[in-house]
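The structure file start.tsv is reproduced below (TSV, C-alpha atoms and all ligand atoms).
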```
chain	number	residue	atom	x	y	z
A	2	VAL	CA	0.00	0.00	0.00
A	3	GLN	CA	1.23	3.46	-0.83
A	4	THR	CA	0.35	6.90	0.41
A	5	TYR	CA	1.37	10.45	-0.35
A	6	ALA	CA	3.62	12.46	1.92
A	7	VAL	CA	4.11	16.19	1.64
A	8	CYS	CA	7.55	17.69	2.24
A	9	PRO	CA	7.67	20.38	4.98
A	10	LYS	CA	10.66	22.06	3.26
A	11	CYS	CA	9.93	22.19	-0.48
A	12	SER	CA	6.21	21.20	-0.49
A	13	ALA	CA	6.79	18.37	-2.98
A	14	VAL	CA	4.21	15.60	-2.76
A	15	ASN	CA	5.99	12.23	-2.60
A	16	ARG	CA	4.57	8.79	-3.22
A	17	VAL	CA	5.64	6.58	-0.31
A	18	LEU	CA	5.28	2.84	0.17
A	19	LEU	CA	3.97	2.25	3.68
A	20	THR	CA	5.95	-0.98	4.05
A	21	GLU	CA	9.14	1.02	3.44
A	22	ALA	CA	8.04	3.87	5.70
A	23	ALA	CA	7.57	1.37	8.53
A	24	ASN	CA	11.24	0.39	8.42
A	25	LYS	CA	12.97	3.69	7.82
A	26	GLU	CA	12.03	7.34	7.78
A	27	PRO	CA	10.98	8.36	4.27
A	28	VAL	CA	12.86	11.23	2.62
A	29	CYS	CA	11.72	13.74	0.01
A	30	GLY	CA	12.69	12.73	-3.53
A	31	LYS	CA	13.31	16.36	-4.42
A	32	CYS	CA	15.25	17.90	-1.51
A	33	LYS	CA	16.07	14.82	0.64
A	34	SER	CA	14.42	16.27	3.75
A	35	THR	CA	12.89	13.81	6.19
A	36	LEU	CA	9.15	13.49	5.61
A	37	PRO	CA	7.04	13.79	8.79
A	38	LEU	CA	5.05	10.65	8.07
A	39	HIS	CA	4.32	8.53	11.16
A	40	PHE	CA	2.21	5.37	10.98
A	41	GLY	CA	1.04	6.54	7.56
A	42	ILE	CA	-0.13	9.91	8.89
A	43	ASN	CA	1.32	13.20	7.62
A	44	GLU	CA	2.12	15.88	10.17
A	45	VAL	CA	1.23	19.03	8.27
A	46	SER	CA	1.56	22.79	8.65
A	47	PRO	CA	-0.81	25.21	6.91
A	48	VAL	CA	1.76	25.60	4.11
A	49	SER	CA	2.37	21.89	3.51
A	50	LEU	CA	-1.36	21.16	3.81
A	51	ALA	CA	-2.13	23.72	1.10
A	52	ALA	CA	0.48	22.07	-1.14
A	53	LEU	CA	-0.94	18.64	-0.46
A	54	LEU	CA	-4.52	19.78	-1.15
A	55	ALA	CA	-3.40	21.23	-4.47
A	56	LYS	CA	-1.57	18.09	-5.60
A	57	SER	CA	-2.98	15.02	-3.85
A	58	PRO	CA	-4.50	12.46	-6.24
A	59	LEU	CA	-6.53	11.08	-3.30
A	60	PRO	CA	-9.03	12.79	-0.96
A	61	VAL	CA	-7.33	14.21	2.14
A	62	VAL	CA	-8.55	13.77	5.72
A	63	VAL	CA	-7.19	16.19	8.32
A	64	ASP	CA	-7.41	15.85	12.10
A	65	PHE	CA	-7.12	19.32	13.66
A	66	TRP	CA	-5.93	18.71	17.20
A	67	ALA	CA	-3.77	20.11	20.02
A	68	PRO	CA	-1.52	18.47	22.61
A	69	TRP	CA	-3.54	19.95	25.54
A	70	CYS	CA	-6.86	18.51	24.30
A	71	GLY	CA	-7.95	15.34	26.12
A	72	PRO	CA	-10.59	14.22	23.59
A	73	CYS	CA	-7.98	14.70	20.80
A	74	LYS	CA	-5.62	12.35	22.62
A	75	SER	CA	-8.25	9.68	23.11
A	76	PHE	CA	-9.24	10.00	19.44
A	77	ALA	CA	-5.63	9.59	18.22
A	78	PRO	CA	-5.59	5.74	18.28
A	79	VAL	CA	-8.92	5.68	16.39
A	80	PHE	CA	-7.51	8.00	13.74
A	81	GLN	CA	-4.38	5.84	13.47
A	82	GLU	CA	-6.39	2.64	13.15
A	83	VAL	CA	-8.65	4.04	10.43
A	84	ALA	CA	-5.64	5.59	8.66
A	85	HIS	CA	-4.12	2.12	8.53
A	86	THR	CA	-7.33	0.52	7.20
A	87	LYS	CA	-8.04	3.20	4.58
A	88	ALA	CA	-4.49	4.07	3.49
A	89	ALA	CA	-5.23	3.14	-0.13
A	90	THR	CA	-8.24	5.46	-0.37
A	91	PHE	CA	-7.35	8.62	1.56
A	92	VAL	CA	-4.30	10.62	2.61
A	93	PHE	CA	-4.40	11.12	6.39
A	94	CYS	CA	-2.98	14.21	8.10
A	95	LYS	CA	-2.76	15.71	11.53
A	96	LEU	CA	-2.46	19.45	12.09
A	97	ASP	CA	-1.40	20.73	15.50
A	98	THR	CA	-3.50	23.88	16.02
A	99	GLU	CA	-1.41	24.95	19.02
A	100	ALA	CA	1.81	24.98	16.97
A	101	ASN	CA	-0.04	26.50	13.99
A	102	PRO	CA	-2.63	28.95	15.41
A	103	ALA	CA	-3.24	30.58	12.00
A	104	ALA	CA	-4.71	27.30	10.73
A	105	SER	CA	-7.68	27.62	13.09
A	106	SER	CA	-8.83	30.84	11.45
A	107	THR	CA	-8.00	29.68	7.91
A	108	TYR	CA	-10.12	26.57	8.33
A	109	LYS	CA	-12.60	28.15	10.81
A	110	ILE	CA	-11.93	25.57	13.52
A	111	ARG	CA	-14.23	26.25	16.48
A	112	GLY	CA	-13.51	23.21	18.62
A	113	ILE	CA	-11.13	20.28	18.54
A	114	PRO	CA	-10.84	17.60	17.47
A	115	THR	CA	-12.28	18.68	14.14
A	116	LEU	CA	-12.02	16.42	11.11
A	117	ILE	CA	-12.23	17.81	7.60
A	118	LEU	CA	-12.47	15.73	4.45
A	119	PHE	CA	-11.14	17.48	1.35
A	120	LYS	CA	-11.99	16.25	-2.15
A	121	ASN	CA	-10.18	17.77	-5.14
A	122	GLY	CA	-8.68	20.35	-2.80
A	123	THR	CA	-11.95	21.69	-1.41
A	124	GLU	CA	-13.78	20.91	1.81
A	125	SER	CA	-16.32	18.14	1.34
A	126	LYS	CA	-17.45	17.80	4.96
A	127	ARG	CA	-16.40	18.25	8.55
A	128	GLN	CA	-17.08	16.76	11.93
A	129	SER	CA	-16.42	18.32	15.32
A	130	GLY	CA	-15.82	16.00	18.25
A	131	ALA	CA	-14.31	12.55	18.49
A	132	MET	CA	-15.84	9.49	16.83
A	133	THR	CA	-15.53	5.75	17.34
A	134	SER	CA	-13.66	3.93	14.56
A	135	GLN	CA	-17.02	2.60	13.30
A	136	GLU	CA	-18.49	6.12	13.15
A	137	PHE	CA	-15.35	7.47	11.53
A	138	LEU	CA	-15.38	4.74	8.86
A	139	SER	CA	-19.01	5.38	7.95
A	140	TRP	CA	-18.38	9.15	7.98
A	141	LEU	CA	-15.71	8.55	5.33
A	142	GLU	CA	-18.04	6.50	3.08
B	201	ZN	ZN	11.40	18.29	-0.25
```
Using structure tokens, write down the structure that the file contains.
Amino acid sequence: VQTYAVCPKCSAVNRVLLTEAANKEPVCGKCKSTLPLHFGINEVSPVSLAALLAKSPLPVVVDFWAPWCGPCKSFAPVFQEVAHTKAATFVFCKLDTEANPAASSTYKIRGIPTLILFKNGTESKRQSGAMTSQEFLSWLE
């Protein structure tokens, strides 16, 4: 199974085999920077997310979260599990709204966790509040 990983340095979108990413940290084919892809999930900034939304061949799912948010932390394993199951269909991302406060106004985030599904670069739907993996899977359908 492959996914797409966006480079935090040069914004190139790289195709990455998840089996390879599990063994060693993937690097950008263009600038050789380490790609922040963990368990198949991209850690994005507003800049790299914009690049990914412009270039991703697959729909993109973003978890807007923050380290201080309890419900975000309990949702993290669910997000990881679903990211693993649906790696062939979606590109999964996490955006830390504490580290990137501007993202909250850009994407009008009112509470976290908020999940946004982007299709062809534009918002398709969003969900505020954590979900079970079953709810999350049917939300993605
Ligand atoms: Zn790069």
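Nearest to ligand ZN 201 (chain B) of all the residues A:Val48, A:Val92, A:Val28, A:Ala131 is A:Val28, counting all atoms listed in the file.
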*Who sits within 10 Å of Ala51 in chain A, all atoms listed in the file, same chain under 6 positions skipped, as a ChimeraX atom specification*: /A:7,12,45,122
_One-decimal distance in Å that lies between CA of Glu82 in chain A and CA of Ala100 in chain A_ = 24.1 Å
_Close residues, Val61 in chain A itself excluded, 12 Å, all atoms listed in the file, min 2 positions apart in chain, as a PyMOL selection string_ = chain A and resi 4-7+42-43+45+50-59+63-64+84+87-95+116-127+141
*Expressed in Å to a single decimal, how great is the separation between CA of Pro27 in chain A and CA of His39 in chain A?*
9.6 Å
